[in-house]
$ cat data_1.pdb   # PDB, C-alpha atoms and all ligand atoms
ATOM      1  CA  MET A   1     -26.509  12.757 -24.823
ATOM      2  CA  THR A   2     -24.827  12.665 -28.170
ATOM      3  CA  LYS A   3     -23.798  15.787 -30.090
ATOM      4  CA  ARG A   4     -22.566  15.572 -33.633
ATOM      5  CA  TYR A   5     -21.144  18.495 -35.631
ATOM      6  CA  GLY A   6     -21.136  17.262 -39.222
ATOM      7  CA  ASP A   7     -19.377  13.935 -39.001
ATOM      8  CA  HIS A   8     -17.495  14.934 -35.851
ATOM      9  CA  LEU A   9     -18.788  13.438 -32.617
ATOM     10  CA  ALA A  10     -18.213  16.113 -29.953
ATOM     11  CA  VAL A  11     -20.204  14.266 -27.264
ATOM     12  CA  ASP A  12     -20.601  10.549 -27.684
ATOM     13  CA  ASP A  13     -23.390   8.784 -25.805
ATOM     14  CA  LEU A  14     -22.529  10.482 -22.518
ATOM     15  CA  THR A  15     -24.597   9.671 -19.419
ATOM     16  CA  LEU A  16     -24.037  11.673 -16.259
ATOM     17  CA  ASP A  17     -25.851  12.194 -12.993
ATOM     18  CA  LEU A  18     -24.634  15.211 -11.033
ATOM     19  CA  LYS A  19     -25.376  15.157  -7.330
ATOM     20  CA  PRO A  20     -26.268  17.937  -4.891
ATOM     21  CA  GLY A  21     -23.865  18.718  -2.082
ATOM     22  CA  THR A  22     -20.955  17.739  -4.271
ATOM     23  CA  VAL A  23     -18.300  19.456  -6.325
ATOM     24  CA  THR A  24     -17.996  17.392  -9.488
ATOM     25  CA  GLY A  25     -14.779  18.086 -11.365
ATOM     26  CA  PHE A  26     -15.083  17.746 -15.136
ATOM     27  CA  LEU A  27     -11.799  16.843 -16.760
ATOM     28  CA  GLY A  28     -10.599  15.885 -20.182
ATOM     29  CA  PRO A  29      -8.016  16.856 -22.767
ATOM     30  CA  ASN A  30      -8.592  19.838 -25.071
ATOM     31  CA  GLY A  31     -11.483  19.215 -27.397
ATOM     32  CA  ALA A  32     -12.825  16.380 -25.254
ATOM     33  CA  GLY A  33     -16.311  17.904 -25.266
ATOM     34  CA  LYS A  34     -16.500  19.558 -21.836
ATOM     35  CA  SER A  35     -17.763  22.951 -23.001
ATOM     36  CA  THR A  36     -20.153  21.311 -25.443
ATOM     37  CA  THR A  37     -21.620  19.202 -22.620
ATOM     38  CA  MET A  38     -22.157  22.326 -20.521
ATOM     39  CA  ARG A  39     -23.749  24.171 -23.431
ATOM     40  CA  LEU A  40     -26.100  21.233 -24.015
ATOM     41  CA  ILE A  41     -27.145  21.244 -20.337
ATOM     42  CA  LEU A  42     -27.864  24.983 -20.616
ATOM     43  CA  GLY A  43     -29.906  24.603 -23.791
ATOM     44  CA  LEU A  44     -27.436  26.754 -25.749
ATOM     45  CA  ASP A  45     -27.137  23.947 -28.240
ATOM     46  CA  HIS A  46     -29.338  20.951 -29.072
ATOM     47  CA  PRO A  47     -28.144  17.401 -28.572
ATOM     48  CA  THR A  48     -28.304  15.218 -31.669
ATOM     49  CA  SER A  49     -29.917  12.644 -29.413
ATOM     50  CA  GLY A  50     -30.653  12.359 -25.725
ATOM     51  CA  THR A  51     -31.637  15.005 -23.202
ATOM     52  CA  ALA A  52     -30.207  17.007 -20.351
ATOM     53  CA  LEU A  53     -32.470  17.692 -17.383
ATOM     54  CA  VAL A  54     -31.919  20.064 -14.498
ATOM     55  CA  GLY A  55     -33.952  18.949 -11.506
ATOM     56  CA  GLY A  56     -35.987  16.823 -13.926
ATOM     57  CA  VAL A  57     -36.746  19.647 -16.368
ATOM     58  CA  PRO A  58     -35.019  20.725 -19.605
ATOM     59  CA  TYR A  59     -33.294  24.086 -19.066
ATOM     60  CA  ARG A  60     -35.434  25.817 -21.679
ATOM     61  CA  ARG A  61     -38.594  25.000 -19.746
ATOM     62  CA  ILE A  62     -37.398  26.574 -16.491
ATOM     63  CA  ALA A  63     -39.406  29.780 -15.921
ATOM     64  CA  ASN A  64     -36.687  31.837 -14.188
ATOM     65  CA  PRO A  65     -33.573  29.919 -15.165
ATOM     66  CA  LEU A  66     -31.062  32.033 -13.213
ATOM     67  CA  ARG A  67     -32.870  31.065 -10.021
ATOM     68  CA  THR A  68     -32.305  27.404 -10.774
ATOM     69  CA  VAL A  69     -28.999  27.260 -12.609
ATOM     70  CA  GLY A  70     -26.113  29.685 -12.488
ATOM     71  CA  ALA A  71     -23.366  29.273 -15.036
ATOM     72  CA  LEU A  72     -20.103  30.823 -16.053
ATOM     73  CA  LEU A  73     -19.030  29.634 -19.482
ATOM     74  CA  ASP A  74     -17.124  32.582 -20.901
ATOM     75  CA  ALA A  75     -16.094  35.403 -18.596
ATOM     76  CA  ARG A  76     -15.575  37.774 -21.520
ATOM     77  CA  ALA A  77     -19.115  37.352 -22.818
ATOM     78  CA  VAL A  78     -20.256  40.649 -21.294
ATOM     79  CA  HIS A  79     -21.025  43.890 -23.106
ATOM     80  CA  PRO A  80     -17.652  45.671 -22.862
ATOM     81  CA  GLY A  81     -19.172  49.133 -22.470
ATOM     82  CA  ARG A  82     -21.370  48.199 -19.520
ATOM     83  CA  SER A  83     -20.248  48.375 -15.918
ATOM     84  CA  GLY A  84     -20.217  45.169 -13.904
ATOM     85  CA  ARG A  85     -23.034  46.536 -11.772
ATOM     86  CA  ALA A  86     -25.175  47.439 -14.805
ATOM     87  CA  HIS A  87     -24.567  44.003 -16.307
ATOM     88  CA  LEU A  88     -25.752  42.291 -13.128
ATOM     89  CA  ALA A  89     -28.683  44.679 -12.771
ATOM     90  CA  ALA A  90     -29.886  43.837 -16.286
ATOM     91  CA  LEU A  91     -29.626  40.121 -15.580
ATOM     92  CA  ALA A  92     -31.492  40.547 -12.294
ATOM     93  CA  ARG A  93     -34.291  42.546 -13.900
ATOM     94  CA  SER A  94     -34.839  40.025 -16.691
ATOM     95  CA  ASN A  95     -35.053  37.158 -14.206
ATOM     96  CA  GLY A  96     -37.253  38.728 -11.541
ATOM     97  CA  ILE A  97     -34.409  38.917  -9.057
ATOM     98  CA  PRO A  98     -34.492  41.775  -6.500
ATOM     99  CA  ARG A  99     -32.025  44.588  -7.232
ATOM    100  CA  ARG A 100     -30.383  44.356  -3.783
ATOM    101  CA  ARG A 101     -29.066  40.942  -4.762
ATOM    102  CA  VAL A 102     -26.686  42.713  -7.176
ATOM    103  CA  GLU A 103     -24.861  44.435  -4.313
ATOM    104  CA  GLU A 104     -24.821  41.191  -2.324
ATOM    105  CA  VAL A 105     -23.122  39.169  -5.053
ATOM    106  CA  LEU A 106     -20.678  41.990  -5.853
ATOM    107  CA  GLU A 107     -19.699  41.888  -2.191
ATOM    108  CA  THR A 108     -19.493  38.073  -2.188
ATOM    109  CA  VAL A 109     -17.033  37.936  -5.071
ATOM    110  CA  GLY A 110     -14.984  40.836  -3.737
ATOM    111  CA  MET A 111     -15.539  43.271  -6.567
ATOM    112  CA  ALA A 112     -17.802  45.876  -4.995
ATOM    113  CA  GLY A 113     -14.945  48.373  -5.422
ATOM    114  CA  ALA A 114     -14.692  47.692  -9.160
ATOM    115  CA  ALA A 115     -18.423  47.501  -9.890
ATOM    116  CA  ARG A 116     -18.426  50.834 -11.742
ATOM    117  CA  LYS A 117     -15.683  49.856 -14.161
ATOM    118  CA  ARG A 118     -16.666  49.039 -17.718
ATOM    119  CA  ALA A 119     -16.584  45.281 -18.255
ATOM    120  CA  GLY A 120     -14.266  45.733 -21.226
ATOM    121  CA  THR A 121     -11.598  47.274 -18.997
ATOM    122  CA  LEU A 122     -11.605  44.525 -16.353
ATOM    123  CA  SER A 123      -8.649  42.172 -16.022
ATOM    124  CA  LEU A 124      -9.348  38.524 -16.844
ATOM    125  CA  GLY A 125      -9.354  37.721 -13.128
ATOM    126  CA  MET A 126     -11.903  40.455 -12.400
ATOM    127  CA  SER A 127     -14.008  39.297 -15.371
ATOM    128  CA  GLN A 128     -14.017  35.805 -13.865
ATOM    129  CA  ARG A 129     -15.252  37.257 -10.582
ATOM    130  CA  LEU A 130     -17.989  39.170 -12.404
ATOM    131  CA  GLY A 131     -18.982  35.939 -14.188
ATOM    132  CA  ILE A 132     -19.156  34.114 -10.879
ATOM    133  CA  ALA A 133     -21.250  36.962  -9.445
ATOM    134  CA  ALA A 134     -23.679  36.606 -12.370
ATOM    135  CA  ALA A 135     -23.919  32.851 -11.770
ATOM    136  CA  LEU A 136     -24.761  33.469  -8.103
ATOM    137  CA  LEU A 137     -27.338  36.186  -8.753
ATOM    138  CA  GLY A 138     -30.415  33.984  -8.565
ATOM    139  CA  ASP A 139     -29.128  31.994  -5.552
ATOM    140  CA  PRO A 140     -29.408  28.831  -7.681
ATOM    141  CA  GLU A 141     -29.240  25.216  -6.569
ATOM    142  CA  VAL A 142     -27.083  24.250  -9.524
ATOM    143  CA  LEU A 143     -23.849  25.963 -10.521
ATOM    144  CA  MET A 144     -21.720  25.259 -13.561
ATOM    145  CA  PHE A 145     -18.336  26.811 -14.152
ATOM    146  CA  ASP A 146     -16.186  26.296 -17.242
ATOM    147  CA  GLU A 147     -12.539  26.814 -16.242
ATOM    148  CA  PRO A 148     -13.322  29.327 -13.479
ATOM    149  CA  VAL A 149      -9.736  29.747 -12.279
ATOM    150  CA  ASN A 150      -8.449  30.559 -15.738
ATOM    151  CA  GLY A 151      -6.566  33.845 -15.408
ATOM    152  CA  LEU A 152      -6.816  34.124 -11.640
ATOM    153  CA  ASP A 153      -3.820  34.894  -9.452
ATOM    154  CA  PRO A 154      -2.951  32.477  -6.591
ATOM    155  CA  ASP A 155      -5.174  34.386  -4.154
ATOM    156  CA  GLY A 156      -8.031  34.221  -6.623
ATOM    157  CA  VAL A 157      -7.479  30.504  -7.213
ATOM    158  CA  ARG A 158      -7.596  29.848  -3.478
ATOM    159  CA  TRP A 159     -10.727  31.957  -3.179
ATOM    160  CA  VAL A 160     -12.533  30.075  -5.980
ATOM    161  CA  ARG A 161     -11.537  26.741  -4.455
ATOM    162  CA  GLY A 162     -12.930  27.653  -1.024
ATOM    163  CA  PHE A 163     -15.979  29.149  -2.639
ATOM    164  CA  MET A 164     -16.846  26.011  -4.665
ATOM    165  CA  ARG A 165     -16.449  23.937  -1.515
ATOM    166  CA  SER A 166     -18.752  26.225   0.452
ATOM    167  CA  LEU A 167     -21.404  26.181  -2.293
ATOM    168  CA  ALA A 168     -21.402  22.385  -2.201
ATOM    169  CA  ALA A 169     -21.455  22.423   1.616
ATOM    170  CA  GLU A 170     -24.695  24.423   1.352
ATOM    171  CA  GLY A 171     -26.148  21.479  -0.551
ATOM    172  CA  ARG A 172     -25.780  22.864  -4.066
ATOM    173  CA  THR A 173     -24.769  20.923  -7.144
ATOM    174  CA  VAL A 174     -21.453  22.277  -8.399
ATOM    175  CA  PHE A 175     -20.113  21.197 -11.788
ATOM    176  CA  VAL A 176     -16.739  22.634 -12.690
ATOM    177  CA  SER A 177     -14.425  21.965 -15.587
ATOM    178  CA  SER A 178     -10.698  22.435 -15.370
ATOM    179  CA  HIS A 179      -7.401  21.521 -16.916
ATOM    180  CA  LEU A 180      -5.655  21.840 -13.578
ATOM    181  CA  MET A 181      -5.507  18.408 -12.009
ATOM    182  CA  SER A 182      -3.751  19.699  -8.910
ATOM    183  CA  GLU A 183      -6.586  22.174  -8.469
ATOM    184  CA  MET A 184      -9.281  19.528  -8.880
ATOM    185  CA  GLN A 185      -7.521  17.326  -6.352
ATOM    186  CA  LEU A 186      -8.104  20.092  -3.798
ATOM    187  CA  THR A 187     -11.584  21.134  -4.936
ATOM    188  CA  ALA A 188     -13.612  18.193  -6.205
ATOM    189  CA  ASP A 189     -15.341  15.359  -4.333
ATOM    190  CA  HIS A 190     -16.254  13.542  -7.483
ATOM    191  CA  LEU A 191     -14.612  13.319 -10.877
ATOM    192  CA  VAL A 192     -15.952  12.906 -14.359
ATOM    193  CA  VAL A 193     -13.324  12.407 -17.037
ATOM    194  CA  ILE A 194     -14.169  12.392 -20.730
ATOM    195  CA  GLY A 195     -12.027  11.852 -23.786
ATOM    196  CA  LYS A 196     -13.146  12.313 -27.391
ATOM    197  CA  GLY A 197     -16.671  12.923 -26.117
ATOM    198  CA  ARG A 198     -16.877   9.576 -24.318
ATOM    199  CA  LEU A 199     -17.050   8.894 -20.613
ATOM    200  CA  ILE A 200     -13.754   7.547 -19.309
ATOM    201  CA  LEU A 201     -14.413   7.783 -15.605
ATOM    202  CA  ASP A 202     -17.200   8.753 -13.201
ATOM    203  CA  ALA A 203     -16.050   8.139  -9.630
ATOM    204  CA  PRO A 204     -15.316   9.707  -6.237
ATOM    205  CA  LEU A 205     -11.928  11.440  -6.142
ATOM    206  CA  ALA A 206     -10.777   9.229  -3.270
ATOM    207  CA  ASP A 207     -11.455   6.083  -5.330
ATOM    208  CA  VAL A 208      -9.584   7.469  -8.318
ATOM    209  CA  LEU A 209      -6.506   8.168  -6.230
ATOM    210  CA  ALA A 210      -6.704   4.876  -4.322
ATOM    211  CA  GLY A 211      -7.217   2.928  -7.549
ATOM    212  CA  SER A 212      -4.157   4.359  -9.209
ATOM    213  CA  SER A 213      -1.324   1.891  -9.513
ATOM    214  CA  LEU A 214       0.867   4.739  -8.331
ATOM    215  CA  THR A 215      -0.716   4.759  -4.877
ATOM    216  CA  ALA A 216       1.555   2.940  -2.460
ATOM    217  CA  VAL A 217       2.230   2.405   1.242
ATOM    218  CA  LEU A 218       5.580   3.446   2.663
ATOM    219  CA  VAL A 219       6.920   1.499   5.636
ATOM    220  CA  ARG A 220      10.032   2.085   7.709
ATOM    221  CA  THR A 221      11.014  -0.784   9.992
ATOM    222  CA  PRO A 222      14.196  -2.244  11.463
ATOM    223  CA  HIS A 223      12.924  -5.660  10.226
ATOM    224  CA  ALA A 224      12.461  -4.784   6.547
ATOM    225  CA  GLY A 225      13.566  -8.210   5.292
ATOM    226  CA  ASP A 226      11.080 -10.097   7.467
ATOM    227  CA  LEU A 227       8.248  -7.722   6.663
ATOM    228  CA  ALA A 228       8.970  -7.851   2.918
ATOM    229  CA  ALA A 229       8.784 -11.641   2.981
ATOM    230  CA  LEU A 230       5.573 -11.554   4.984
ATOM    231  CA  LEU A 231       3.876  -9.038   2.666
ATOM    232  CA  ARG A 232       4.976 -10.842  -0.486
ATOM    233  CA  GLY A 233       3.575 -14.019   1.042
ATOM    234  CA  ALA A 234       0.254 -12.176   1.404
ATOM    235  CA  GLY A 235       0.276 -11.401  -2.321
ATOM    236  CA  LEU A 236       1.444  -7.770  -2.145
ATOM    237  CA  THR A 237       4.140  -6.179  -4.285
ATOM    238  CA  VAL A 238       7.095  -4.946  -2.257
ATOM    239  CA  ASP A 239      10.029  -2.760  -3.279
ATOM    240  CA  ARG A 240      12.906  -2.349  -0.885
ATOM    241  CA  LEU A 241      13.805   1.334  -1.127
ATOM    242  CA  ALA A 242      16.534   1.261   1.533
ATOM    243  CA  GLU A 243      17.921  -0.940   4.294
ATOM    244  CA  ASN A 244      14.920  -0.231   6.531
ATOM    245  CA  GLU A 245      12.370   1.122   4.042
ATOM    246  CA  LEU A 246       9.753  -0.618   1.886
ATOM    247  CA  GLU A 247       7.231   0.567  -0.666
ATOM    248  CA  VAL A 248       4.181  -1.676  -0.832
ATOM    249  CA  THR A 249       1.492  -1.726  -3.504
ATOM    250  CA  GLY A 250      -1.659  -3.798  -3.685
ATOM    251  CA  ALA A 251      -3.139  -3.029  -0.269
ATOM    252  CA  ALA A 252      -4.361  -0.132   1.815
ATOM    253  CA  VAL A 253      -2.272   1.239   4.648
ATOM    254  CA  GLU A 254      -4.528  -0.440   7.249
ATOM    255  CA  ARG A 255      -3.902  -3.911   5.811
ATOM    256  CA  VAL A 256      -0.137  -3.440   5.808
ATOM    257  CA  GLY A 257      -0.241  -2.200   9.412
ATOM    258  CA  ASP A 258      -2.446  -5.108  10.515
ATOM    259  CA  LEU A 259      -0.226  -7.722   8.867
ATOM    260  CA  ALA A 260       2.865  -6.274  10.560
ATOM    261  CA  TYR A 261       1.109  -6.101  13.925
ATOM    262  CA  GLU A 262      -0.103  -9.696  13.735
ATOM    263  CA  ALA A 263       3.459 -10.874  13.018
ATOM    264  CA  GLY A 264       4.832  -8.732  15.858
ATOM    265  CA  ILE A 265       6.973  -6.641  13.507
ATOM    266  CA  ARG A 266       7.920  -3.238  14.883
ATOM    267  CA  LEU A 267       7.212  -0.270  12.577
ATOM    268  CA  HIS A 268       8.841   3.133  12.787
ATOM    269  CA  GLU A 269       6.762   4.694  10.069
ATOM    270  CA  LEU A 270       3.658   3.710   8.136
ATOM    271  CA  ARG A 271       2.014   6.035   5.648
ATOM    272  CA  ALA A 272       0.036   6.128   2.446
ATOM    273  CA  LYS A 273       1.754   7.721  -0.493
ATOM    274  CA  GLU A 274      -1.067   8.920  -2.703
ATOM    275  CA  ALA A 275      -0.651   9.233  -6.391
ATOM    276  CA  SER A 276      -1.320  12.765  -7.465
ATOM    277  CA  LEU A 277      -4.440  13.233  -9.526
ATOM    278  CA  GLU A 278      -2.118  14.365 -12.274
ATOM    279  CA  GLN A 279      -0.536  10.900 -12.327
ATOM    280  CA  ALA A 280      -3.860   9.083 -12.025
ATOM    281  CA  TYR A 281      -5.288  11.206 -14.833
ATOM    282  CA  GLN A 282      -2.375  10.447 -17.100
ATOM    283  CA  GLU A 283      -2.851   6.734 -16.508
ATOM    284  CA  LEU A 284      -6.545   7.093 -17.322
ATOM    285  CA  THR A 285      -6.315   9.150 -20.465
ATOM    286  CA  SER A 286      -3.257   7.520 -21.948
ATOM    287  CA  GLY A 287      -5.526   6.613 -24.850
ATOM    288  CA  SER A 288      -5.877   2.935 -24.159
ATOM    289  CA  VAL A 289      -9.401   1.656 -24.690
ATOM    290  CA  GLU A 290      -8.929  -0.929 -21.957
ATOM    291  CA  TYR A 291      -9.628   1.816 -19.388
ATOM    292  CA  GLY A 292     -13.113   2.074 -20.890
ATOM    293  CA  VAL A 293     -15.900   3.225 -18.615
ATOM    294  CA  SER A 294     -15.395   2.503 -14.970
ATOM    295  CA  ARG A 295     -17.473   3.437 -12.019
TER     296      ARG A 295
HETATM  297  N1  LIG A 301     -20.136  24.809 -32.936
HETATM  298  C1  LIG A 301     -19.278  23.853 -33.279
HETATM  299  N2  LIG A 301     -19.140  23.449 -34.559
HETATM  300  C2  LIG A 301     -18.308  22.463 -34.908
HETATM  301  N3  LIG A 301     -17.513  21.804 -34.046
HETATM  302  C3  LIG A 301     -17.574  22.154 -32.750
HETATM  303  C4  LIG A 301     -18.454  23.184 -32.288
HETATM  304  N4  LIG A 301     -18.295  23.309 -30.950
HETATM  305  C5  LIG A 301     -17.363  22.405 -30.593
HETATM  306  N5  LIG A 301     -16.932  21.706 -31.675
HETATM  307  C6  LIG A 301     -15.940  20.613 -31.640
HETATM  308  O1  LIG A 301     -16.351  19.664 -30.679
HETATM  309  C7  LIG A 301     -15.225  19.170 -29.951
HETATM  310  C8  LIG A 301     -15.412  19.407 -28.473
HETATM  311  O2  LIG A 301     -15.219  20.769 -28.173
HETATM  312  P1  LIG A 301     -15.372  21.380 -26.714
HETATM  313  O3  LIG A 301     -15.142  22.844 -26.823
HETATM  314  O4  LIG A 301     -16.634  20.936 -26.115
HETATM  315  O5  LIG A 301     -14.161  20.705 -25.961
HETATM  316  P2  LIG A 301     -13.561  21.029 -24.516
HETATM  317  O6  LIG A 301     -13.408  19.732 -23.835
HETATM  318  O7  LIG A 301     -14.363  22.072 -23.847
HETATM  319  O8  LIG A 301     -12.136  21.605 -24.929
HETATM  320  P3  LIG A 301     -11.182  22.670 -24.185
HETATM  321  O9  LIG A 301     -10.615  21.953 -23.016
HETATM  322  O10 LIG A 301     -10.150  22.928 -25.223
HETATM  323  O11 LIG A 301     -12.020  23.856 -23.840
HETATM  324  C9  LIG A 301     -14.003  19.859 -30.524
HETATM  325  O12 LIG A 301     -13.413  18.993 -31.482
HETATM  326  C10 LIG A 301     -14.572  21.093 -31.200
HETATM  327  O13 LIG A 301     -13.777  21.478 -32.284
END
$ encode --input "data_1.pdb" --output "structure tokens"
Amino acid sequence: MTKRYGDHLAVDDLTLDLKPGTVTGFLGPNGAGKSTTMRLILGLDHPTSGTALVGGVPYRRIANPLRTVGALLDARAVHPGRSGRAHLAALARSNGIPRRRVEEVLETVGMAGAARKRAGTLSLGMSQRLGIAAALLGDPEVLMFDEPVNGLDPDGVRWVRGFMRSLAAEGRTVFVSSHLMSEMQLTADHLVVIGKGRLILDAPLADVLAGSSLTAVLVRTPHAGDLAALLRGAGLTVDRLAENELEVTGAAVERVGDLAYEAGIRLHELRAKEASLEQAYQELTSGSVEYGVSR
């Protein structure tokens, strides 16, 4: 899809395929086009060119959309004078969803006790929970959340994380945007990164972390000199951190272990030191075009 506002390209020739059974984390700097992409998928805005399909169908053609796609874009977009329960009941009625489902989702998100409060008086965290409840109402196969942990306390953050994982484990397609790299590292299986509306990266989380130049293998051995020479000979980059400690880049932990074993070099420690997603993300979005699109 492409979305142009005047001469500003908010989404620039973006192609994505979101898979069931997966939490796809959607990352990008402010103004990158994440919310716009979600709005385009939900038919809240029209792409300038291209299409978004949900299960092969444009959102606007889905008969009971809440039963197919649940979304939380803006937790405060609820009538402030209505109770959480009344809000959910209205949504259920207009989408042919049985009334008992309202109590179920209130229970699921842990706000049954606050269901009578007017939406306008809820804390941001409780509003987020109400928004998640609304997204779940139709028991949809596809769930989209724009910054769902925004405003949540640590307990709430942990709850959302576990919840996203369990939705994906049930085979649902979960698409979630966030600014919190550390959070995505714990939540997502797959990452999509955009910058200035363009796709920068579309890859499994594990590949992103492994591909970062900051990912290294740490080795402790009484024969650090011999091992360093051996690994350099095999084309790897080796830093000697201490008398008996090396940091190796350019190979996975298995390769380093195998090379040492074959040369009969005793190891006292061998472990992968993963780059944090934060670091990998910074490498990716540092603005250089040479990162381009990679899969
Ligand atoms: N209705 C609109 N009219 C004009 N410009 C818009 C409109 N909606 C979004 N934009 C612009 O499109 C770009 C992408 O905005 P969008 O909200 O999708 O980014 P985002 O990645 O969600 O950002 P954030 O992380 O800050 O929420 C921004 O430059 C924004 O100003």
$ closest_residue --input "data_1.pdb" --among "A:Ile194, A:Val109, A:Val69, A:Leu267" --to "A:Arg172" --atoms "only C-alpha atoms"
A:Val69
$ resolve_selection --input "data_1.pdb" --expression "the PyMOL selection byres (((chain A and resi 50-52) around 12) and not hetatm)" --output "PyMOL selection string"
chain A and resi 1-4+11-18+37-49+53-61
$ residues_around --input "data_1.pdb" --residues "A:Arg67" --least-positions-apart "3" --cutoff "7 Å" --atoms "all atoms listed in the file" --output "list in words"
Asn64, Gly138, Asp139 and Pro140 of chain A
$ write_last_selection --input "data_1.pdb" --atoms "C-alpha atoms" --output "PDB file, in the coordinates of the input"
ATOM      1  CA  ASN A  64     -36.687  31.837 -14.188  1.00  0.00           C
ATOM      2  CA  GLY A 138     -30.415  33.984  -8.565  1.00  0.00           C
ATOM      3  CA  ASP A 139     -29.128  31.994  -5.552  1.00  0.00           C
ATOM      4  CA  PRO A 140     -29.408  28.831  -7.681  1.00  0.00           C
TER       5      PRO A 140
END
$ axis_aligned_box --input "data_1.pdb" --around "ligand LIG 301 (chain A)" --padding-each-side "6 Å" --output "JSON"
{"center_x": -15.1, "center_y": 21.9, "center_z": -29.0, "size_x": 22.0, "size_y": 17.8, "size_z": 23.9}
$ residues_near_ligand --input "data_1.pdb" --ligand "ligand LIG 301 (chain A)" --cutoff "9 Å" --atoms "all atoms listed in the file" --output "ChimeraX atom specification"
/A:3-6,8-11,27-39,45,146-147,177-179,194-197
$ residues_around --input "data_1.pdb" --residues "A:Glu141" --least-positions-apart "4" --cutoff "10 Å" --atoms "all atoms listed in the file" --output "list in words"
Pro20, Gly21, Val54, Gly55, Leu66, Arg67, Thr68, Val69, Gly70, Leu136, Leu167, Ala168, Glu170, Gly171, Arg172, Thr173 and Val174 of chain A
$ resolve_selection --input "data_1.pdb" --expression "the PyMOL selection byres (((chain A and resi 246-262) around 12) and not hetatm)" --output "PyMOL selection string"
chain A and resi 207+209-245+263-275
$ atom_distance --input "data_1.pdb" --atom1 "atom CA of A:Trp159" --atom2 "atom CA of A:Thr285"
29.0 Å
